[in-house]
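Peer 1: Sharing a structure below in C-alpha cells format, with a few things to ask.
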Amino acid sequence: MKLVEGNAGHTRSTRHALHILKRIFRDFPGGLEVRLWDGHAVSLGSHPPRFTMTFRDPVKFREVMLCRDPLRLADAHFSGAVEIEGSIYDVLGLKDYFQSLRLSAAEKAAILARTLTIRRPPRDRQEDAAGDDRSWRARASGRHSKESDRHAIAFHYDVSNEFYALWLDEQMVYSCAYFETPEDGLDQAQRQKLDHLCRKLRLKPGERLLDIGCGWGGLVCWAARHYGVKAHGITLSHRQLEHAQRRIREQGLEGRVTVELRDYRDMPGQECFDKVVSVGMFEHVGIRNLPVYFRTAHRLLKPGGLFMNHGITTQNEGWCRNIDNEFINRYVFPDGELETISNVQRGMEQSGFEILDVESLRAHYALTLRHWVRRLEDRRQDAIRYAGEATFRIWRMYMAACALQFEAGEMGLYQILGGKKNNSLPAVPLTRRDLYPPRSS
C-alpha cells in the first residue's frame with residue numbers, strides 16, 4: 001500500500017478510512033488508487049493502479065464500505081459522489097471481488113466500528129452531488145401492461161436521439177452488429193447485419209415486411225431500398241418514431257415504408273405480412289408475455305412466411321434476482337427480462353412456428369459493445385451536454401459490463417428463424433450458401 005499525503009494532516013476519519021481500505025483490498029488481484037475527500041490517496045492491490053476512485057463525500061464512503069455492495073458504489077458514481085478515472089472494464093472487476101470477499105467476525109466488527117466514526121467535517125454539511133434528484137433511476141413495475149411498457153420504453157429510448165447518435169453507427173442500429181472480421185468498423189458491421197437479416201428472411205420485391213420494435217427505422221428503410229419490400233415498423237418510443245419518419249422522408253421512401261406508434265398487442269389483422277422481424281425487442285416483452293408476443297407474430301404472418309427473432313438470452317432460466325439483473329432494471333431497462341435460448345425456442349414452437357435456423361452472435365455483440373463504449377467515451381462532453389452526466393456514466397458502465405458478460409458467456413445473442421407451416425416444405429433453400437455472398441472489397 002502506497003500512501004500519498006493530502007494537503008491537510010490525517011484526521012480521525014481519514015485514518016480510519018485508510019485502515020478500512022487496507023483490509024478490504026488486501027487481496028485485490030488488480031490495482032487501483034483511492035482518493036479521499038481531503039486529498040489523501042492510497043494505491044491498493046497487487047498491480048499498479050489501472051483506475052482511480054475519488055470519494056468526494058465521507059458519508060458515501062461509509063455507506064459503500066459498510067455494505068460492500070457493487071450497486072451502492074455504482075449509485076454513488078452515477079450521483080457524482082464517487083468519481084472514476086481509468087479503465088471502466090477494470091472498475092467492473094470490483095463486483096466479483098466484493099462478492100467473493102470473506103471477512104472474519106473480528107474483522108467485520110473492527111471495520112464496522114471504524115466505519116461508523118467517519119463523518120463529514122462540521123463545516124462541510126453539503127448534500128451529495130445528486131441531491132434528491134434520481135430521475136435517472138428506473139421504476140420497474142414488473143406488470144408488463146401496455147402502460148408500463150410504454151413508460152419503460154420511454155425511460156430507455158427517449159433519452160435523446162442526439163445522445164444515441166454519438167455512439168451508434170450511421171444507420172442508428174441499436175443492436176448487435178455482424179462482423180466478418182474483428183477489424184471491421186462499426187458502420188460496416190451494422191450494414192452487414194442489416195443485409196444478413198434481410199437475406200435470412202429471403203426478402204423479395206413487393207413482399208410486405210413487419211418490423212416489431214423498429215427502433216430508429218434503420219432496418220425497414222434498408223429492406224425497402226435494397227430488397228424492394230413494402231415495410232411497416234412499430235415502436236413505443238416517440239423519439240424513435242420522429243427520427244424514423246424523418247429518415248423515410250429524406251430517403252424518398254414514402255409509400256414504401258411506414259412507421260407508427262403502436263404496441264405489438266394492438267396490431268390488427270390476420271395473415272397480413274409475408275415476413276416478420278423483431279430485433280432487440282423481445283427482451284422488453286417480459287417472460288410471462290412471451291406466448292402472447294409469439295402468437296401475435298404468428299397471427300400476423302401469412303402461411304409459409306418467415307419470422308426472425310433476434311435478441312439477447314441468459315444462461316439462467318427465468319429472470320432471477322441478482323446484482324446484474326437488478327442493475328439493468330434499476331438504471332437501464334425497467335421491466336426488461338431475459339430467458340434461456342431453449343425456452344425461447346420452445347415458446348416459438350408452442351406458438352406454431354417451425355424452427356428453421358438458429359445462429360449465435362455472442363462474439364459479435366461483445367465486439368459491438370466494445371465499439372459503443374469507445375465511441376461514447378470519445379464523445380463524453382457531447383454526451384453529457386445532450387443527456388447529462390449521470391446518463392453518460394450509466395450507459396458507459398452498463399455497456400462495458402455487458403461486453404464482459406458476453407465475453408464470459410453469461411449472456412448470449414441469437415437469431416432464430418421460424419416458419420409458419422402451410423403443409424409444404426419451408427420456403428428456404430436447402431443450404432445456407434445464399435446467406436454468404438462474396439465479401440465486397
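Identifiers in the C-alpha cells: chain A, B, ... in order shown; residue index from 1 per chain; ligand index from 1 in order shown.
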Show which residues sit within 10 Å of A:Arg68, as a list in words. Count only C-alpha atoms, and ignore same-chain residues fewer than 4 positions away.

Peer 2: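 So the residues in contact are Ile24, Arg62, Glu63, Val64, Arg72, Leu73, Leu94, Lys95, Tyr97, Phe98, Gln99 and Leu101 of chain A.
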
Peer 1: Among stretch 6-233 of chain A, which residues carry a DSSP assignment of alpha helix (DSSP H), reported as a PyMOL selection string?

Peer 2: chain A and resi 12-24+58-67+70-79+88-91+93-100+105-116+146-157+161-167+186-200+218-227

Peer 1: Skip A:Arg208 itself and residues of its chain fewer than 5 positions away, then list as a PyMOL selection string all residues within 8 Å of it, counting only C-alpha atoms.

Peer 2: chain A and resi 229-232+272-275

Peer 1: Once you have the residues from the selection above, write them out as a PDB file, in the first residue's frame, restricted to N, CA and C atoms.

Peer 2:
ATOM      1  N   VAL A 229     -38.984  -4.312 -50.705  1.00  0.00           N
ATOM      2  CA  VAL A 229     -40.196  -4.683 -49.976  1.00  0.00           C
ATOM      3  C   VAL A 229     -40.992  -3.445 -49.586  1.00  0.00           C
ATOM      4  N   LYS A 230     -42.211  -3.670 -49.171  1.00  0.00           N
ATOM      5  CA  LYS A 230     -43.007  -2.640 -48.519  1.00  0.00           C
ATOM      6  C   LYS A 230     -42.966  -2.938 -47.025  1.00  0.00           C
ATOM      7  N   ALA A 231     -42.391  -2.015 -46.261  1.00  0.00           N
ATOM      8  CA  ALA A 231     -42.100  -2.294 -44.858  1.00  0.00           C
ATOM      9  C   ALA A 231     -42.921  -1.411 -43.933  1.00  0.00           C
ATOM     10  N   HIS A 232     -43.326  -2.004 -42.822  1.00  0.00           N
ATOM     11  CA  HIS A 232     -44.049  -1.266 -41.777  1.00  0.00           C
ATOM     12  C   HIS A 232     -43.381  -1.551 -40.443  1.00  0.00           C
ATOM     13  N   CYS A 272     -51.292 -10.883 -42.509  1.00  0.00           N
ATOM     14  CA  CYS A 272     -51.137  -9.656 -43.304  1.00  0.00           C
ATOM     15  C   CYS A 272     -49.757  -9.518 -43.940  1.00  0.00           C
ATOM     16  N   PHE A 273     -48.749 -10.181 -43.393  1.00  0.00           N
ATOM     17  CA  PHE A 273     -47.363  -9.921 -43.800  1.00  0.00           C
ATOM     18  C   PHE A 273     -46.691 -11.195 -44.298  1.00  0.00           C
ATOM     19  N   ASP A 274     -45.840 -11.004 -45.306  1.00  0.00           N
ATOM     20  CA  ASP A 274     -45.068 -12.129 -45.831  1.00  0.00           C
ATOM     21  C   ASP A 274     -43.932 -12.494 -44.886  1.00  0.00           C
ATOM     22  N   LYS A 275     -43.340 -11.501 -44.262  1.00  0.00           N
ATOM     23  CA  LYS A 275     -42.222 -11.706 -43.359  1.00  0.00           C
ATOM     24  C   LYS A 275     -42.402 -10.800 -42.130  1.00  0.00           C
TER      25      LYS A 275
END

Peer 1: One number please: atom CA of A:Ala17 to atom CA of A:Thr115, in Å, one decimal.

Peer 2: 7.2 Å

Peer 1: Hey, which of A:Arg262, A:His371, A:His310, A:Arg114 ends up closest to A:Gln345? Count only C-alpha atoms.

Peer 2: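 So, comparing all the options, the nearest one is A:His310.
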
Peer 1: For A:Gly304, find every residue with an atom within 9 Å (counting only C-alpha atoms), except residues of its own chain fewer than 2 positions away, and show them as an mmCIF file with all heavy atoms, in the first residue's frame.

Peer 2:
data_model
loop_
_atom_site.group_PDB
_atom_site.id
_atom_site.type_symbol
_atom_site.label_atom_id
_atom_site.label_comp_id
_atom_site.auth_asym_id
_atom_site.auth_seq_id
_atom_site.Cartn_x
_atom_site.Cartn_y
_atom_site.Cartn_z
ATOM 1 N N ASP A 274 -45.840 -11.004 -45.306
ATOM 2 C CA ASP A 274 -45.068 -12.129 -45.831
ATOM 3 C C ASP A 274 -43.932 -12.494 -44.886
ATOM 4 O O ASP A 274 -43.579 -13.673 -44.767
ATOM 5 C CB ASP A 274 -44.487 -11.774 -47.208
ATOM 6 C CG ASP A 274 -45.565 -11.444 -48.222
ATOM 7 O OD1 ASP A 274 -46.190 -12.389 -48.737
ATOM 8 O OD2 ASP A 274 -45.782 -10.243 -48.472
ATOM 9 N N LEU A 301 -48.516 -13.295 -39.605
ATOM 10 C CA LEU A 301 -47.712 -13.849 -40.691
ATOM 11 C C LEU A 301 -48.560 -14.733 -41.601
ATOM 12 O O LEU A 301 -49.386 -15.525 -41.145
ATOM 13 C CB LEU A 301 -46.571 -14.669 -40.087
ATOM 14 C CG LEU A 301 -45.439 -15.121 -40.997
ATOM 15 C CD1 LEU A 301 -44.709 -13.929 -41.611
ATOM 16 C CD2 LEU A 301 -44.459 -15.982 -40.197
ATOM 17 N N LYS A 302 -48.331 -14.608 -42.890
ATOM 18 C CA LYS A 302 -49.016 -15.458 -43.862
ATOM 19 C C LYS A 302 -48.493 -16.895 -43.771
ATOM 20 O O LYS A 302 -47.333 -17.122 -43.393
ATOM 21 C CB LYS A 302 -48.792 -14.931 -45.284
ATOM 22 C CG LYS A 302 -49.413 -13.583 -45.570
ATOM 23 C CD LYS A 302 -49.107 -13.140 -46.997
ATOM 24 C CE LYS A 302 -49.718 -11.778 -47.308
ATOM 25 N NZ LYS A 302 -49.400 -11.346 -48.690
ATOM 26 N N LEU A 306 -41.969 -16.238 -43.029
ATOM 27 C CA LEU A 306 -40.823 -16.387 -42.135
ATOM 28 C C LEU A 306 -40.834 -15.312 -41.054
ATOM 29 O O LEU A 306 -41.187 -14.161 -41.307
ATOM 30 C CB LEU A 306 -39.516 -16.310 -42.922
ATOM 31 C CG LEU A 306 -39.293 -17.368 -44.010
ATOM 32 C CD1 LEU A 306 -38.000 -17.097 -44.764
ATOM 33 C CD2 LEU A 306 -39.290 -18.762 -43.406
ATOM 34 N N GLY A 419 -40.629 -20.528 -39.202
ATOM 35 C CA GLY A 419 -41.530 -20.525 -40.338
ATOM 36 C C GLY A 419 -42.944 -20.879 -39.914
ATOM 37 O O GLY A 419 -43.150 -21.655 -38.971
ATOM 38 N N LYS A 420 -43.933 -20.292 -40.593
ATOM 39 C CA LYS A 420 -45.329 -20.633 -40.352
ATOM 40 C C LYS A 420 -45.715 -21.737 -41.329
ATOM 41 O O LYS A 420 -45.691 -21.544 -42.547
ATOM 42 C CB LYS A 420 -46.223 -19.408 -40.540
ATOM 43 C CG LYS A 420 -47.680 -19.652 -40.175
ATOM 44 C CD LYS A 420 -48.457 -18.349 -40.154
ATOM 45 C CE LYS A 420 -49.902 -18.561 -39.733
ATOM 46 N NZ LYS A 420 -50.643 -17.280 -39.621
ATOM 47 N N LYS A 421 -46.061 -22.891 -40.795
ATOM 48 C CA LYS A 421 -46.300 -24.068 -41.619
ATOM 49 C C LYS A 421 -47.521 -23.884 -42.538
ATOM 50 O O LYS A 421 -48.490 -23.225 -42.179
ATOM 51 C CB LYS A 421 -46.518 -25.291 -40.731
ATOM 52 C CG LYS A 421 -45.334 -25.597 -39.814
ATOM 53 C CD LYS A 421 -45.669 -26.732 -38.858
ATOM 54 C CE LYS A 421 -44.569 -26.949 -37.845
ATOM 55 N NZ LYS A 421 -44.908 -28.004 -36.865
ATOM 56 N N ASN A 422 -47.415 -24.490 -43.720
ATOM 57 C CA ASN A 422 -48.538 -24.447 -44.657
ATOM 58 C C ASN A 422 -48.650 -25.755 -45.444
ATOM 59 O O ASN A 422 -48.973 -25.758 -46.636
ATOM 60 C CB ASN A 422 -48.387 -23.260 -45.625
ATOM 61 C CG ASN A 422 -47.157 -23.403 -46.501
ATOM 62 O OD1 ASN A 422 -46.257 -24.206 -46.203
ATOM 63 N ND2 ASN A 422 -47.107 -22.647 -47.589
ATOM 64 N N ASN A 423 -48.361 -26.870 -44.759
ATOM 65 C CA ASN A 423 -48.484 -28.202 -45.350
ATOM 66 C C ASN A 423 -47.594 -28.386 -46.570
ATOM 67 O O ASN A 423 -47.958 -29.082 -47.531
ATOM 68 C CB ASN A 423 -49.945 -28.495 -45.728
ATOM 69 C CG ASN A 423 -50.858 -28.497 -44.514
ATOM 70 O OD1 ASN A 423 -50.491 -29.026 -43.453
ATOM 71 N ND2 ASN A 423 -52.025 -27.891 -44.642
ATOM 72 N N SER A 424 -46.440 -27.719 -46.548
ATOM 73 C CA SER A 424 -45.469 -27.919 -47.630
ATOM 74 C C SER A 424 -44.079 -27.719 -47.036
ATOM 75 O O SER A 424 -43.936 -27.386 -45.858
ATOM 76 C CB SER A 424 -45.715 -26.926 -48.773
ATOM 77 O OG SER A 424 -45.504 -25.599 -48.336
ATOM 78 N N LEU A 425 -43.065 -27.892 -47.849
ATOM 79 C CA LEU A 425 -41.704 -27.689 -47.369
ATOM 80 C C LEU A 425 -41.473 -26.214 -47.070
ATOM 81 O O LEU A 425 -42.089 -25.336 -47.707
ATOM 82 C CB LEU A 425 -40.702 -28.188 -48.411
ATOM 83 C CG LEU A 425 -40.683 -29.708 -48.640
ATOM 84 C CD1 LEU A 425 -39.741 -30.057 -49.783
ATOM 85 C CD2 LEU A 425 -40.268 -30.443 -47.368
ATOM 86 N N PRO A 426 -40.592 -25.897 -46.117
ATOM 87 C CA PRO A 426 -40.352 -24.493 -45.777
ATOM 88 C C PRO A 426 -39.751 -23.716 -46.944
ATOM 89 O O PRO A 426 -39.045 -24.276 -47.790
ATOM 90 C CB PRO A 426 -39.369 -24.571 -44.605
ATOM 91 C CG PRO A 426 -38.735 -25.921 -44.720
ATOM 92 C CD PRO A 426 -39.786 -26.821 -45.282
ATOM 93 N N ALA A 427 -40.049 -22.422 -46.960
ATOM 94 C CA ALA A 427 -39.642 -21.561 -48.075
ATOM 95 C C ALA A 427 -38.219 -21.036 -47.884
ATOM 96 O O ALA A 427 -37.965 -19.834 -47.921
ATOM 97 C CB ALA A 427 -40.618 -20.401 -48.210
#

Peer 1: Would you pick out the contacts of A:Leu168 at 9 Å or less, using only C-alpha atoms, so that residues sharing its chain but fewer than 4 positions from it are not included, and give the list as a ChimeraX atom specification?

Peer 2: /A:164,172-174,186-187,371-372,375-376

Peer 1: Go ahead and write the residues just picked, N, CA, C and O atoms, as a short mmCIF file (atom, residue, chain, number, x, y, z; two decimals), in the first residue's frame.

Peer 2:
data_model
loop_
_atom_site.label_atom_id
_atom_site.label_comp_id
_atom_site.auth_asym_id
_atom_site.auth_seq_id
_atom_site.Cartn_x
_atom_site.Cartn_y
_atom_site.Cartn_z
N TYR A 164 -27.83 9.11 -28.57
CA TYR A 164 -27.60 7.82 -29.22
C TYR A 164 -26.77 7.97 -30.50
O TYR A 164 -25.94 7.11 -30.82
N MET A 172 -28.04 4.21 -37.16
CA MET A 172 -28.70 4.25 -35.84
C MET A 172 -29.30 2.89 -35.49
O MET A 172 -30.47 2.75 -35.12
N VAL A 173 -28.48 1.85 -35.59
CA VAL A 173 -28.91 0.49 -35.28
C VAL A 173 -28.45 0.17 -33.86
O VAL A 173 -27.25 0.07 -33.60
N TYR A 174 -29.41 0.00 -32.96
CA TYR A 174 -29.10 -0.22 -31.55
C TYR A 174 -29.28 -1.71 -31.22
O TYR A 174 -30.13 -2.11 -30.45
N LEU A 186 -17.55 -0.29 -37.12
CA LEU A 186 -18.92 -0.45 -36.66
C LEU A 186 -19.92 -0.16 -37.77
O LEU A 186 -20.92 -0.89 -37.92
N ASP A 187 -19.72 0.90 -38.54
CA ASP A 187 -20.65 1.22 -39.62
C ASP A 187 -20.76 0.07 -40.61
O ASP A 187 -21.87 -0.32 -41.02
N HIS A 371 -17.12 -1.39 -29.22
CA HIS A 371 -17.16 -0.22 -30.12
C HIS A 371 -18.00 0.89 -29.49
O HIS A 371 -17.61 2.06 -29.50
N TRP A 372 -19.18 0.54 -28.98
CA TRP A 372 -20.08 1.55 -28.41
C TRP A 372 -19.42 2.26 -27.22
O TRP A 372 -19.51 3.48 -27.11
N ARG A 375 -16.71 4.67 -28.48
CA ARG A 375 -17.27 5.85 -29.14
C ARG A 375 -17.93 6.78 -28.13
O ARG A 375 -17.83 8.02 -28.25
N LEU A 376 -18.60 6.21 -27.14
CA LEU A 376 -19.21 7.05 -26.10
C LEU A 376 -18.15 7.78 -25.29
O LEU A 376 -18.29 8.97 -25.01
#

Peer 1: As a count of residues only, list the residues of stretch 213-422 of chain A assigned to strand (DSSP E or B) by DSSP on the backbone atoms of this structure.

Peer 2: 50

Peer 1: At a cut-off of 12 Å, using only C-alpha atoms, what residues contact A:Ile84? Leave out same-chain residues fewer than 6 positions from it and give the result as a ChimeraX atom specification.

Peer 2: /A:32-35,50-56,73-74,76-78,90-92,393,396-397

Peer 1: Which one is closest to A:Arg385: A:Asp96, A:Glu180, A:Glu83, A:Glu162? Count only C-alpha atoms.

Peer 2: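 Among A:Asp96, A:Glu180, A:Glu83, A:Glu162, it is A:Glu162 that comes nearest to A:Arg385.
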
Peer 1: Can you pull out the residues contacting A:Asp357? Cut-off 12 Å, using only C-alpha atoms, and skip same-chain residues under 6 positions away; I want them as a PyMOL selection string.

Peer 2: chain A and resi 200-201+306-310+345+414-419+426+428-432+435

Peer 1: How many Å separate atom CA of A:Leu290 from atom CA of A:His196?

Peer 2: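 Pair atom CA of A:Leu290 / atom CA of A:His196 returns 24.7 Å.
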
Peer 1: Using only C-alpha atoms, find the one residue out of A:Gln190, A:Thr258, A:Ser79, A:Ser104 that sits nearest to A:Glu242.

Peer 2: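 Among the listed residues, A:Thr258 lies closest to A:Glu242.
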